[in-house]
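Trainee: Below is run30.cif; it holds mmCIF, C-alpha atoms.
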```
data_query
#
loop_
_atom_site.label_atom_id
_atom_site.label_comp_id
_atom_site.auth_asym_id
_atom_site.auth_seq_id
_atom_site.Cartn_x
_atom_site.Cartn_y
_atom_site.Cartn_z
CA MET A 513 2.66 9.56 31.45
CA ALA A 514 0.81 7.06 29.28
CA LYS A 515 -0.30 3.82 30.91
CA TRP A 516 -1.60 0.61 29.39
CA LEU A 517 -4.87 -0.75 30.80
CA LYS A 518 -4.57 -3.64 28.34
CA LYS A 519 -1.69 -5.10 26.36
CA GLY A 520 -1.51 -7.76 23.66
CA LYS A 521 1.18 -10.26 22.74
CA SER A 522 4.78 -9.41 23.56
CA GLU A 523 7.16 -8.19 20.87
CA ASN A 524 9.19 -11.41 21.12
CA GLU A 525 6.11 -13.57 20.51
CA ILE A 526 5.27 -11.53 17.43
CA LYS A 527 8.84 -11.81 16.12
CA GLU A 528 8.79 -15.61 16.50
CA ALA A 529 5.61 -15.83 14.43
CA ASP A 530 7.10 -13.50 11.80
CA ALA A 531 10.19 -15.71 11.48
CA LYS A 532 8.05 -18.76 10.66
CA VAL A 533 6.18 -16.79 8.00
CA LYS A 534 9.47 -15.61 6.48
CA LYS A 535 10.79 -19.16 6.03
CA THR A 536 7.53 -20.41 4.48
CA VAL A 537 7.56 -17.55 1.97
CA GLU A 538 11.23 -18.05 1.06
CA ASP A 539 10.63 -21.70 0.21
CA ILE A 540 7.54 -21.01 -1.91
CA LEU A 541 9.16 -18.17 -3.87
CA ALA A 542 12.16 -20.36 -4.63
CA ASP A 543 9.87 -23.16 -5.78
CA VAL A 544 7.91 -20.89 -8.15
CA ALA A 545 11.13 -19.43 -9.55
CA LYS A 546 12.45 -22.94 -10.22
CA ARG A 547 9.36 -24.82 -11.44
CA GLY A 548 7.02 -22.10 -12.70
CA ASP A 549 3.51 -23.20 -13.62
CA GLN A 550 3.92 -26.65 -12.09
CA ALA A 551 4.74 -25.17 -8.69
CA VAL A 552 1.89 -22.65 -8.94
CA ARG A 553 -0.57 -25.41 -9.79
CA GLU A 554 0.53 -27.61 -6.89
CA LEU A 555 0.37 -24.71 -4.45
CA SER A 556 -3.08 -23.69 -5.62
CA LYS A 557 -4.32 -27.24 -5.19
CA LYS A 558 -2.72 -27.49 -1.73
CA PHE A 559 -4.00 -24.19 -0.32
CA ASP A 560 -7.21 -23.57 -2.29
CA ASN A 561 -8.08 -27.01 -3.68
CA TYR A 562 -8.23 -25.38 -7.10
CA GLU A 563 -6.37 -26.44 -10.25
CA PRO A 564 -8.07 -25.24 -13.44
CA GLU A 565 -6.72 -25.82 -16.92
CA ASN A 566 -5.63 -22.18 -16.99
CA PHE A 567 -5.51 -19.66 -14.14
CA ILE A 568 -6.11 -16.79 -16.59
CA LEU A 569 -9.84 -16.24 -17.02
CA THR A 570 -11.25 -16.20 -20.54
CA GLU A 571 -13.75 -13.59 -21.74
CA GLN A 572 -16.48 -16.18 -21.40
CA GLU A 573 -15.50 -16.96 -17.80
CA ILE A 574 -15.49 -13.26 -16.98
CA GLU A 575 -18.92 -12.76 -18.53
CA LYS A 576 -20.26 -15.77 -16.64
CA ALA A 577 -18.96 -14.39 -13.34
CA ILE A 578 -20.53 -10.98 -14.01
CA SER A 579 -23.86 -12.63 -14.85
CA GLU A 580 -23.94 -14.11 -11.35
CA VAL A 581 -23.81 -10.69 -9.66
CA SER A 582 -27.11 -8.97 -8.89
CA LYS A 583 -28.02 -5.70 -10.56
CA ARG A 584 -28.00 -3.92 -7.19
CA ASP A 585 -24.52 -5.22 -6.34
CA ILE A 586 -23.20 -4.07 -9.72
CA GLU A 587 -24.71 -0.62 -9.14
CA ASP A 588 -23.05 -0.45 -5.72
CA ILE A 589 -19.69 -1.49 -7.18
CA LYS A 590 -20.01 1.19 -9.85
CA PHE A 591 -20.89 3.82 -7.23
CA ALA A 592 -17.79 2.96 -5.18
CA GLN A 593 -15.61 2.93 -8.28
CA ASN A 594 -16.89 6.34 -9.31
CA GLN A 595 -15.78 7.75 -5.95
CA VAL A 596 -12.33 6.15 -6.23
CA ARG A 597 -11.98 7.26 -9.86
CA ASN A 598 -12.99 10.83 -9.11
CA PHE A 599 -10.53 11.22 -6.24
CA ALA A 600 -7.67 9.52 -8.11
CA SER A 601 -8.32 11.73 -11.15
CA LYS A 602 -8.14 14.86 -9.01
CA GLN A 603 -4.91 13.60 -7.46
CA LEU A 604 -3.48 13.03 -10.95
CA GLU A 605 -4.29 16.62 -11.88
CA CYS A 606 -1.93 17.74 -9.09
CA ILE A 607 1.01 15.87 -10.63
CA LYS A 608 2.66 18.01 -13.29
CA ASP A 609 5.51 17.51 -15.73
CA LEU A 610 8.23 20.14 -15.46
CA GLU A 611 10.61 21.87 -17.85
CA ILE A 612 12.59 24.95 -16.84
CA GLU A 613 15.60 26.93 -18.08
CA THR A 614 17.71 27.07 -14.93
CA LEU A 615 20.60 28.94 -16.57
CA PRO A 616 20.82 30.54 -20.03
CA GLY A 617 20.78 27.63 -22.45
CA VAL A 618 20.41 24.94 -19.75
CA ILE A 619 17.11 23.05 -19.74
CA LEU A 620 16.12 20.68 -16.91
CA GLY A 621 12.87 18.80 -16.60
CA HIS A 622 10.99 15.78 -15.42
CA LYS A 623 8.26 13.60 -16.86
CA ASN A 624 5.77 11.47 -14.95
CA ILE A 625 5.68 8.14 -16.72
CA PRO A 626 3.22 5.35 -15.85
CA ILE A 627 4.62 1.95 -14.88
CA ASN A 628 4.29 -0.39 -17.87
CA ALA A 629 2.94 -3.52 -16.15
CA VAL A 630 1.35 -3.82 -12.71
CA GLY A 631 0.08 -6.84 -10.79
CA CYS A 632 -2.85 -6.12 -8.45
CA TYR A 633 -3.53 -8.61 -5.68
CA VAL A 634 -7.06 -8.72 -4.28
CA PRO A 635 -7.38 -10.72 -1.03
CA GLY A 636 -9.97 -13.42 -0.57
CA GLY A 637 -9.57 -15.58 2.51
CA LYS A 638 -12.56 -15.44 4.83
CA TYR A 639 -13.88 -12.29 3.14
CA PRO A 640 -14.01 -11.41 -0.57
CA MET A 641 -12.27 -8.02 -0.63
CA VAL A 642 -14.19 -6.59 -3.57
CA ALA A 643 -13.13 -3.05 -2.70
CA SER A 644 -9.45 -3.89 -3.16
CA ALA A 645 -10.09 -4.21 -6.88
CA HIS A 646 -11.20 -0.57 -7.01
CA MET A 647 -8.26 0.60 -4.97
CA SER A 648 -5.57 -1.08 -7.07
CA VAL A 649 -6.88 -1.84 -10.57
CA LEU A 650 -8.90 1.33 -11.02
CA THR A 651 -6.23 3.63 -9.57
CA ALA A 652 -3.61 2.08 -11.86
CA LYS A 653 -5.94 2.61 -14.82
CA VAL A 654 -6.41 6.30 -13.94
CA ALA A 655 -2.61 6.65 -13.74
CA GLY A 656 -2.28 5.33 -17.30
CA VAL A 657 -0.77 1.88 -16.66
CA LYS A 658 -0.94 -0.04 -19.95
CA ASN A 659 -0.93 -3.65 -18.70
CA ILE A 660 -2.83 -4.49 -15.51
CA THR A 661 -2.99 -8.06 -14.22
CA ALA A 662 -5.39 -8.65 -11.34
CA SER A 663 -5.45 -11.79 -9.21
CA ALA A 664 -7.72 -13.07 -6.45
CA PRO A 665 -8.11 -16.51 -4.86
CA PRO A 666 -11.00 -18.81 -5.71
CA GLN A 667 -14.08 -18.98 -3.50
CA ASN A 668 -15.85 -22.33 -3.22
CA GLY A 669 -13.82 -23.75 -6.08
CA LYS A 670 -14.40 -20.98 -8.62
CA PRO A 671 -13.65 -17.30 -9.29
CA HIS A 672 -15.57 -15.00 -6.96
CA PRO A 673 -18.21 -13.29 -9.16
CA ALA A 674 -18.23 -9.90 -7.43
CA ILE A 675 -14.42 -9.64 -7.33
CA VAL A 676 -14.16 -10.56 -11.01
CA THR A 677 -16.85 -7.99 -11.81
CA ALA A 678 -15.00 -5.27 -9.88
CA MET A 679 -11.70 -6.16 -11.55
CA HIS A 680 -13.29 -6.07 -14.99
CA LEU A 681 -15.16 -2.80 -14.43
CA GLY A 682 -11.99 -1.31 -12.93
CA GLY A 683 -10.10 -1.96 -16.16
CA ALA A 684 -8.01 -5.10 -15.60
CA ASP A 685 -6.41 -6.35 -18.82
CA LYS A 686 -5.89 -9.87 -17.46
CA ILE A 687 -7.66 -11.58 -14.55
CA LEU A 688 -6.23 -14.55 -12.67
CA CYS A 689 -8.04 -16.83 -10.27
CA LEU A 690 -5.07 -17.47 -8.02
CA GLY A 691 -4.39 -16.60 -4.42
CA GLY A 692 -1.76 -16.21 -1.73
CA ILE A 693 2.01 -16.35 -2.09
CA GLN A 694 1.71 -18.28 -5.36
CA ALA A 695 -0.28 -15.42 -6.93
CA VAL A 696 2.16 -12.62 -6.15
CA ALA A 697 5.09 -14.93 -6.96
CA ALA A 698 3.66 -15.80 -10.38
CA MET A 699 2.98 -12.16 -11.22
CA ALA A 700 6.37 -10.94 -10.03
CA ILE A 701 8.59 -13.76 -11.27
CA GLY A 702 6.56 -14.85 -14.29
CA THR A 703 5.84 -18.40 -15.42
CA GLU A 704 5.33 -20.18 -18.72
CA THR A 705 1.75 -18.87 -18.94
CA ILE A 706 1.70 -15.84 -16.64
CA SER A 707 3.64 -12.76 -17.73
CA GLY A 708 5.78 -11.05 -15.13
CA VAL A 709 4.99 -7.48 -14.06
CA ASP A 710 7.10 -4.49 -13.06
CA MET A 711 5.25 -3.70 -9.83
CA LEU A 712 3.05 -5.46 -7.26
CA VAL A 713 0.30 -3.68 -5.36
CA GLY A 714 -2.55 -4.56 -3.04
CA PRO A 715 -3.08 -5.69 0.55
CA GLY A 716 -2.97 -9.25 1.86
CA ASN A 717 -2.40 -11.43 4.87
CA MET A 718 0.96 -11.83 6.59
CA PHE A 719 2.16 -14.31 3.95
CA VAL A 720 1.31 -12.05 1.02
CA ALA A 721 2.88 -9.07 2.78
CA GLU A 722 6.08 -11.02 3.45
CA ALA A 723 6.15 -12.27 -0.15
CA LYS A 724 5.96 -8.70 -1.41
CA ARG A 725 8.77 -7.73 0.96
CA GLN A 726 11.01 -10.51 -0.33
CA LEU A 727 10.15 -9.76 -3.96
CA PHE A 728 10.92 -6.05 -3.60
CA GLY A 729 13.89 -5.26 -5.81
CA ARG A 730 12.96 -7.88 -8.37
CA VAL A 731 9.82 -5.77 -8.82
CA GLY A 732 8.55 -2.58 -7.25
CA ILE A 733 5.86 -2.68 -4.60
CA ASP A 734 3.38 -0.14 -3.34
CA LEU A 735 4.17 -0.56 0.36
CA PHE A 736 4.25 -3.14 3.13
CA ALA A 737 0.57 -3.77 3.76
CA GLY A 738 0.20 -6.56 6.28
CA PRO A 739 -2.62 -7.31 8.73
CA THR A 740 -4.81 -4.26 9.20
CA GLU A 741 -4.21 -1.88 12.11
CA THR A 742 -6.71 0.45 13.77
CA LEU A 743 -6.12 3.20 16.28
CA VAL A 744 -9.15 4.88 17.83
CA ILE A 745 -8.29 8.22 19.44
CA ALA A 746 -11.07 9.40 21.74
CA ASP A 747 -11.74 11.70 24.67
CA LYS A 748 -14.50 12.09 27.24
CA SER A 749 -16.86 13.45 24.58
CA SER A 750 -16.84 10.10 22.75
CA ASP A 751 -19.42 7.33 22.87
CA PRO A 752 -18.01 4.05 24.27
CA GLU A 753 -20.36 2.02 22.07
CA ILE A 754 -19.08 3.69 18.90
CA CYS A 755 -15.48 3.27 20.09
CA ALA A 756 -16.07 -0.44 20.62
CA VAL A 757 -17.79 -0.85 17.25
CA ASP A 758 -14.92 0.87 15.43
CA LEU A 759 -12.31 -1.26 17.20
CA LEU A 760 -14.06 -4.59 16.64
CA GLY A 761 -15.11 -3.63 13.12
CA GLN A 762 -11.46 -3.81 12.13
CA ALA A 763 -10.45 -6.61 14.49
CA GLU A 764 -12.64 -8.94 12.42
CA HIS A 765 -10.14 -8.70 9.55
CA GLY A 766 -8.08 -11.47 11.13
CA PRO A 767 -6.62 -12.87 14.34
CA THR A 768 -3.43 -10.80 14.02
CA SER A 769 -5.04 -7.40 13.42
CA PRO A 770 -4.13 -4.88 16.15
CA SER A 771 -6.84 -2.55 17.48
CA ILE A 772 -5.90 0.13 20.00
CA LEU A 773 -7.89 2.65 21.99
CA LEU A 774 -5.89 5.79 22.83
CA THR A 775 -7.58 8.20 25.20
CA ASN A 776 -7.06 10.76 27.95
CA SER A 777 -10.17 9.55 29.78
CA GLU A 778 -9.80 6.47 31.98
CA ASP A 779 -13.57 6.46 32.43
CA LEU A 780 -14.07 6.16 28.67
CA ALA A 781 -11.37 3.47 28.51
CA LEU A 782 -13.04 1.27 31.12
CA LYS A 783 -16.50 1.74 29.59
CA THR A 784 -15.16 0.87 26.14
CA ILE A 785 -13.52 -2.32 27.47
CA ASP A 786 -16.86 -3.34 29.01
CA GLU A 787 -18.67 -2.50 25.78
CA ILE A 788 -16.23 -4.61 23.75
CA GLU A 789 -16.88 -7.61 25.98
CA ARG A 790 -20.64 -7.10 25.52
CA GLN A 791 -20.39 -6.83 21.74
CA LEU A 792 -18.12 -9.88 21.48
CA LYS A 793 -21.05 -11.95 22.76
CA ILE A 794 -23.32 -10.89 19.90
CA ILE A 795 -21.38 -9.95 16.75
CA PRO A 796 -21.31 -12.62 14.01
CA THR A 797 -17.53 -12.37 13.55
CA ALA A 798 -16.72 -12.73 17.26
CA ASP A 799 -14.69 -15.90 16.70
CA ILE A 800 -12.05 -13.85 14.83
CA ALA A 801 -12.44 -10.51 16.58
CA LYS A 802 -12.16 -12.07 20.04
CA VAL A 803 -8.75 -13.60 19.23
CA SER A 804 -7.55 -10.38 17.63
CA TRP A 805 -8.65 -8.29 20.61
CA LYS A 806 -7.18 -10.73 23.15
CA ASP A 807 -3.78 -11.08 21.46
CA TYR A 808 -3.30 -7.69 19.81
CA GLY A 809 -5.78 -5.28 21.39
CA GLN A 810 -4.49 -2.48 23.60
CA VAL A 811 -5.96 0.34 25.69
CA ILE A 812 -3.69 3.29 26.42
CA VAL A 813 -4.55 6.19 28.72
CA CYS A 814 -2.63 9.46 28.36
CA ASP A 815 -2.45 12.50 30.59
CA ASN A 816 -3.34 15.04 27.90
CA ILE A 817 -3.96 15.62 24.21
CA ASP A 818 -0.32 16.37 23.35
CA GLU A 819 0.75 13.05 24.84
CA MET A 820 -1.94 11.37 22.73
CA VAL A 821 -0.42 12.93 19.60
CA SER A 822 3.05 11.76 20.64
CA VAL A 823 1.94 8.18 21.31
CA ALA A 824 -0.09 8.09 18.08
CA ASN A 825 2.90 9.28 16.04
CA ASN A 826 5.08 6.65 17.69
CA LEU A 827 2.58 3.90 16.85
CA ALA A 828 2.34 5.14 13.22
CA PHE A 829 -0.79 3.09 12.61
CA GLU A 830 -2.52 2.33 9.33
CA HIS A 831 -6.01 3.60 10.23
CA VAL A 832 -6.49 6.38 12.77
CA GLN A 833 -10.08 7.15 13.80
CA VAL A 834 -10.26 10.46 15.72
CA MET A 835 -13.34 11.13 17.85
CA THR A 836 -12.49 14.06 20.06
CA GLU A 837 -13.86 17.53 20.72
CA ASP A 838 -11.36 18.93 18.19
CA PRO A 839 -10.41 16.21 15.67
CA ASP A 840 -8.70 18.77 13.42
CA TYR A 841 -6.05 19.19 16.12
CA PHE A 842 -4.77 15.73 15.15
CA LEU A 843 -4.93 16.59 11.44
CA LYS A 844 -2.69 19.60 12.15
CA ASN A 845 -0.27 17.87 14.52
CA MET A 846 -0.02 14.18 13.57
CA THR A 847 2.68 13.20 11.11
CA ASN A 848 2.69 9.38 11.11
CA TYR A 849 -0.46 7.64 9.88
CA GLY A 850 -1.82 5.81 6.87
CA ALA A 851 -5.19 7.56 6.79
CA LEU A 852 -7.12 9.77 9.20
CA PHE A 853 -10.85 9.47 9.82
CA LEU A 854 -11.94 12.67 11.52
CA GLY A 855 -15.04 12.82 13.68
CA SER A 856 -17.67 10.28 14.62
CA ARG A 857 -19.63 10.78 11.38
CA THR A 858 -16.97 8.96 9.36
CA ASN A 859 -15.15 5.69 10.03
CA VAL A 860 -12.61 3.26 8.67
CA ALA A 861 -15.25 1.18 6.91
CA PHE A 862 -16.22 4.17 4.76
CA GLY A 863 -12.60 4.47 3.65
CA ASP A 864 -12.25 0.73 3.17
CA LYS A 865 -15.25 0.36 0.92
CA VAL A 866 -16.70 3.39 -0.74
CA ILE A 867 -15.81 6.99 0.12
CA GLY A 868 -13.04 7.34 -2.48
CA THR A 869 -9.71 7.45 -0.64
CA ASN A 870 -7.49 4.40 -1.08
CA HIS A 871 -7.60 1.62 1.52
CA THR A 872 -4.19 0.12 0.75
CA LEU A 873 -2.20 1.73 3.54
CA PRO A 874 1.13 1.31 5.37
CA THR A 875 1.34 -1.01 8.40
CA LYS A 876 4.00 -1.96 10.95
CA THR A 877 5.15 1.67 11.40
CA ALA A 878 5.81 2.13 7.65
CA ALA A 879 3.64 5.26 7.95
CA ARG A 880 6.78 6.91 9.34
CA TYR A 881 8.14 7.13 5.79
CA THR A 882 5.33 6.53 3.32
CA GLY A 883 1.68 7.21 2.70
CA GLY A 884 -0.78 4.78 1.17
CA LEU A 885 -1.42 3.63 -2.38
CA TRP A 886 -2.49 6.47 -4.67
CA VAL A 887 -2.34 7.37 -8.32
CA GLY A 888 1.20 8.75 -7.91
CA LYS A 889 2.52 5.31 -6.87
CA PHE A 890 1.96 4.12 -10.43
CA LEU A 891 4.08 6.91 -11.90
CA LYS A 892 7.84 7.22 -12.25
CA THR A 893 9.11 10.80 -12.07
CA CYS A 894 12.04 10.70 -14.48
CA THR A 895 14.38 13.64 -15.07
CA TYR A 896 16.06 14.85 -18.26
CA GLN A 897 18.46 17.61 -19.26
CA LYS A 898 19.63 19.35 -22.42
CA ILE A 899 22.01 22.21 -23.16
CA LEU A 900 21.12 24.48 -26.07
CA THR A 901 24.27 26.59 -26.55
CA ASP A 902 28.02 26.08 -26.82
CA GLU A 903 28.55 28.78 -24.22
CA ALA A 904 26.36 27.03 -21.66
CA SER A 905 28.07 23.67 -22.22
CA ALA A 906 31.52 25.18 -21.76
CA MET A 907 30.49 27.17 -18.69
CA VAL A 908 28.93 24.16 -16.92
CA GLY A 909 31.92 22.08 -18.06
CA GLU A 910 34.41 24.29 -16.26
CA TYR A 911 32.57 23.93 -12.95
CA CYS A 912 32.15 20.20 -13.51
CA SER A 913 35.85 19.75 -14.31
CA ARG A 914 36.96 21.36 -11.08
CA LEU A 915 34.42 19.42 -9.00
CA CYS A 916 35.55 16.14 -10.59
CA ALA A 917 39.15 16.99 -9.72
CA LEU A 918 38.05 17.62 -6.14
CA GLU A 919 36.67 14.08 -5.99
CA GLY A 920 39.47 12.42 -7.97
CA PHE A 921 37.26 11.28 -10.87
CA SER A 922 39.56 11.66 -13.90
CA GLY A 923 37.18 10.02 -16.38
CA HIS A 924 34.31 12.20 -15.27
CA GLY A 925 36.57 15.21 -15.49
CA GLU A 926 37.54 14.47 -19.08
CA GLN A 927 33.82 14.30 -20.01
CA ALA A 928 33.65 17.92 -18.89
CA ASN A 929 37.05 18.96 -20.33
CA ILE A 930 36.30 17.79 -23.85
CA ARG A 931 33.13 19.93 -23.90
CA VAL A 932 35.13 22.95 -22.75
CA ARG A 933 37.68 22.37 -25.54
CA ARG A 934 35.09 21.69 -28.25
CA PHE A 935 32.43 24.25 -27.35
CA GLY A 936 34.42 26.88 -25.46
CA GLY A 937 37.53 27.01 -27.61
CA ARG A 938 39.78 26.65 -24.59
CA ASN A 939 42.80 24.35 -24.68
CA ILE A 940 42.20 22.59 -21.35
CA LYS A 941 44.52 19.65 -20.74
CA PRO A 942 42.87 16.31 -19.99
CA TYR A 943 42.34 16.04 -16.24
CA SER A 944 44.26 12.77 -16.09
CA SER A 945 47.49 14.58 -17.15
CA ALA A 946 46.98 17.60 -14.89
CA GLU A 947 49.00 18.01 -11.74
#
```
Write the structure described by the file as structure tokens, please.

Mentor:
Amino acid sequence: MAKWLKKGKSENEIKEADAKVKKTVEDILADVAKRGDQAVRELSKKFDNYEPENFILTEQEIEKAISEVSKRDIEDIKFAQNQVRNFASKQLECIKDLEIETLPGVILGHKNIPINAVGCYVPGGKYPMVASAHMSVLTAKVAGVKNITASAPPQNGKPHPAIVTAMHLGGADKILCLGGIQAVAAMAIGTETISGVDMLVGPGNMFVAEAKRQLFGRVGIDLFAGPTETLVIADKSSDPEICAVDLLGQAEHGPTSPSILLTNSEDLALKTIDEIERQLKIIPTADIAKVSWKDYGQVIVCDNIDEMVSVANNLAFEHVQVMTEDPDYFLKNMTNYGALFLGSRTNVAFGDKVIGTNHTLPTKTAARYTGGLWVGKFLKTCTYQKILTDEASAMVGEYCSRLCALEGFSGHGEQANIRVRRFGGRNIKPYSSAE
């Protein structure tokens, strides 16, 4: 039976914090809906001390930002974008339109239609999340989205050059220098100067994630992507130092980012805990990672590998790093995860930044019912039907008429009956007058 050598905050404590976030977001969304640009400007000044004449960057502002990025950084951004583009393109090739004659004269089909307008949020905060521009903007472009608005918060009172560069190279049609709740609210609701979109995508902090949740329905969203989660699955063959590095490497995202070690080796668990304490004394981001590990870090010891699979599926974490003697066992048997990182040669950072898979992934157990952002998220699979012959229309109509009678839908039934009369030559009474 699994036992916890370390636990984080209680579920009730987490729920109390979530309730405060929910109320803050509700108030801000209502304000933006009511006052538009004025509310956005006041919020940007309050949270980012930034109030430009226009939040939409001009071509000249974009060019200036790009000019401030080194040649090497631009080459690295292009390399990462090539990997994301290549993988997304191959994914798109797997998505096919369909048209089939299911019965003589009856044609059914579906088309995969790109979303018309998408808003891509790129987090800033303590770290400029350059890679998020590749994951959202570029993937939407590969999918064929016609209008892509990308938004990221200012850094030091101006647009972040590398983020703007990544957005531009990724194919953004409009770039905003705007962050937080006000950014996703402006893109979803629309203001006097910022056009509303049909779908919001991209990761963010707890406030951005909650804003997307509350805006869902008004617009589509990719998924609920809150504070990052990392699960390291390891056995006695694993290196405690690497386990600690992979846990703390994600804990630095923020003070509410859960990192969990799941193992069937208590010896490895204890050594990893000691190694984490050692590394927290030397890593530059210890001030954040230490809080995250203290409040949200966990260490779970299982009896065997099957119990590890069961616990991992129950956790349904965003990132799952597997470093065991047979990592493919988890690929074959796990069902709930955002992304798997198999073996010690790969890691979550590779997926976050450069390898080509998308880093916008489900959190808070959403992996139970959805995968991460991918090219297919930007497509609507829409069905159509047509009937080519009178005989087919009348034949389907007879079945439909009887099934409508079974359900008591007289209007639906008459839609079928009139086709039987017109195309089948049969004098069927209107359903509404039938016994």

Trainee: Write out as a ChimeraX atom specification each polymer residue whose atoms come within 9 Å of stretch 645-658 of chain A, counting all atoms listed in the file; drop sequence neighbours fewer than 6 positions from it.

Mentor: /A:589,592-593,596-597,600-601,604,625-634,675-676,678-685,713-714,865,868-872,885-891

Trainee: Which residue out of A:Val642, A:Ala662, A:Ala723, A:Ala545 has the minimum interatomic distance to A:Thr703 when only C-alpha atoms are used?

Mentor: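 Nearest to A:Thr703: A:Ala545.
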
Trainee: Between atom CA of A:Phe921 and atom CA of A:Asp902, what is the spacing in Å?

Mentor: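 Taking atom CA of A:Asp902 as the start and atom CA of A:Phe921 as the end point, the length is 23.6 Å.
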
Trainee: Residues within 12 Å of A:Glu741, please, as an mmCIF file with C-alpha atoms, in the coordinates of the input. Count all atoms listed in the file; anything in the same chain fewer than 6 positions from it doesn't count.

Mentor:
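Saved file selection_18.cif follows:
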```cif
data_model
loop_
_atom_site.group_PDB
_atom_site.id
_atom_site.type_symbol
_atom_site.label_atom_id
_atom_site.label_comp_id
_atom_site.auth_asym_id
_atom_site.auth_seq_id
_atom_site.Cartn_x
_atom_site.Cartn_y
_atom_site.Cartn_z
ATOM 1 C CA ASP A 758 -14.920 0.870 15.430
ATOM 2 C CA LEU A 759 -12.310 -1.260 17.200
ATOM 3 C CA LEU A 760 -14.060 -4.590 16.640
ATOM 4 C CA GLY A 761 -15.110 -3.630 13.120
ATOM 5 C CA GLN A 762 -11.460 -3.810 12.130
ATOM 6 C CA ALA A 763 -10.450 -6.610 14.490
ATOM 7 C CA GLU A 764 -12.640 -8.940 12.420
ATOM 8 C CA HIS A 765 -10.140 -8.700 9.550
ATOM 9 C CA GLY A 766 -8.080 -11.470 11.130
ATOM 10 C CA PRO A 767 -6.620 -12.870 14.340
ATOM 11 C CA THR A 768 -3.430 -10.800 14.020
ATOM 12 C CA SER A 769 -5.040 -7.400 13.420
ATOM 13 C CA PRO A 770 -4.130 -4.880 16.150
ATOM 14 C CA SER A 771 -6.840 -2.550 17.480
ATOM 15 C CA ILE A 772 -5.900 0.130 20.000
ATOM 16 C CA LEU A 773 -7.890 2.650 21.990
ATOM 17 C CA SER A 804 -7.550 -10.380 17.630
ATOM 18 C CA TRP A 805 -8.650 -8.290 20.610
ATOM 19 C CA TYR A 808 -3.300 -7.690 19.810
ATOM 20 C CA GLY A 809 -5.780 -5.280 21.390
ATOM 21 C CA GLN A 810 -4.490 -2.480 23.600
ATOM 22 C CA LEU A 827 2.580 3.900 16.850
ATOM 23 C CA ALA A 828 2.340 5.140 13.220
ATOM 24 C CA PHE A 829 -0.790 3.090 12.610
ATOM 25 C CA GLU A 830 -2.520 2.330 9.330
ATOM 26 C CA HIS A 831 -6.010 3.600 10.230
ATOM 27 C CA VAL A 832 -6.490 6.380 12.770
ATOM 28 C CA GLN A 833 -10.080 7.150 13.800
ATOM 29 C CA TYR A 849 -0.460 7.640 9.880
ATOM 30 C CA GLY A 850 -1.820 5.810 6.870
ATOM 31 C CA ALA A 851 -5.190 7.560 6.790
ATOM 32 C CA VAL A 860 -12.610 3.260 8.670
ATOM 33 C CA HIS A 871 -7.600 1.620 1.520
ATOM 34 C CA THR A 872 -4.190 0.120 0.750
ATOM 35 C CA LEU A 873 -2.200 1.730 3.540
ATOM 36 C CA PRO A 874 1.130 1.310 5.370
ATOM 37 C CA THR A 875 1.340 -1.010 8.400
ATOM 38 C CA LYS A 876 4.000 -1.960 10.950
ATOM 39 C CA THR A 877 5.150 1.670 11.400
ATOM 40 C CA ALA A 878 5.810 2.130 7.650
ATOM 41 C CA ALA A 879 3.640 5.260 7.950
#
```

Trainee: Using all atoms listed in the file, which of the listed residues (A:Gly855, A:Pro671, A:Gly708, A:Pro640) sits closest to A:Ile574?

Mentor: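 So, comparing all the options, the nearest one is A:Pro671.
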
Trainee: Which residues, named as in the file, does the PyMOL selection byres ((chain A and resi 752) around 10) pick out? Answer as an MDAnalysis selection string.

Mentor: chainID A and resid 746:751 753:758 779:788

Trainee: Of the candidates A:Val709, A:Ala695, A:Ile578, A:Cys606, which one gets nearest to A:Arg553 if we count all atoms listed in the file?

Mentor: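 Residue with the minimum atom-to-atom distance to A:Arg553: A:Ala695.
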
Trainee: Kindly resolve the PyMOL selection byres ((chain A and resi 686-693) around 8) on the present coordinates and return the residues as a compact mmCIF listing (two decimals) with C-alpha atoms, keeping the file's coordinate frame.

Mentor:
```txt
# COMPACT_ATOMS: atom_id res chain seq x y z
CA VAL A 537 7.56 -17.55 1.97
CA ILE A 540 7.54 -21.01 -1.91
CA LEU A 541 9.16 -18.17 -3.87
CA SER A 556 -3.08 -23.69 -5.62
CA ASP A 560 -7.21 -23.57 -2.29
CA PHE A 567 -5.51 -19.66 -14.14
CA ILE A 568 -6.11 -16.79 -16.59
CA LEU A 569 -9.84 -16.24 -17.02
CA PRO A 635 -7.38 -10.72 -1.03
CA GLY A 636 -9.97 -13.42 -0.57
CA ILE A 660 -2.83 -4.49 -15.51
CA THR A 661 -2.99 -8.06 -14.22
CA ALA A 662 -5.39 -8.65 -11.34
CA SER A 663 -5.45 -11.79 -9.21
CA ALA A 664 -7.72 -13.07 -6.45
CA PRO A 665 -8.11 -16.51 -4.86
CA PRO A 666 -11.00 -18.81 -5.71
CA LYS A 670 -14.40 -20.98 -8.62
CA PRO A 671 -13.65 -17.30 -9.29
CA VAL A 676 -14.16 -10.56 -11.01
CA MET A 679 -11.70 -6.16 -11.55
CA HIS A 680 -13.29 -6.07 -14.99
CA ALA A 684 -8.01 -5.10 -15.60
CA ASP A 685 -6.41 -6.35 -18.82
CA GLN A 694 1.71 -18.28 -5.36
CA ALA A 695 -0.28 -15.42 -6.93
CA VAL A 696 2.16 -12.62 -6.15
CA ALA A 697 5.09 -14.93 -6.96
CA GLY A 716 -2.97 -9.25 1.86
CA PHE A 719 2.16 -14.31 3.95
CA VAL A 720 1.31 -12.05 1.02
CA ALA A 723 6.15 -12.27 -0.15
```
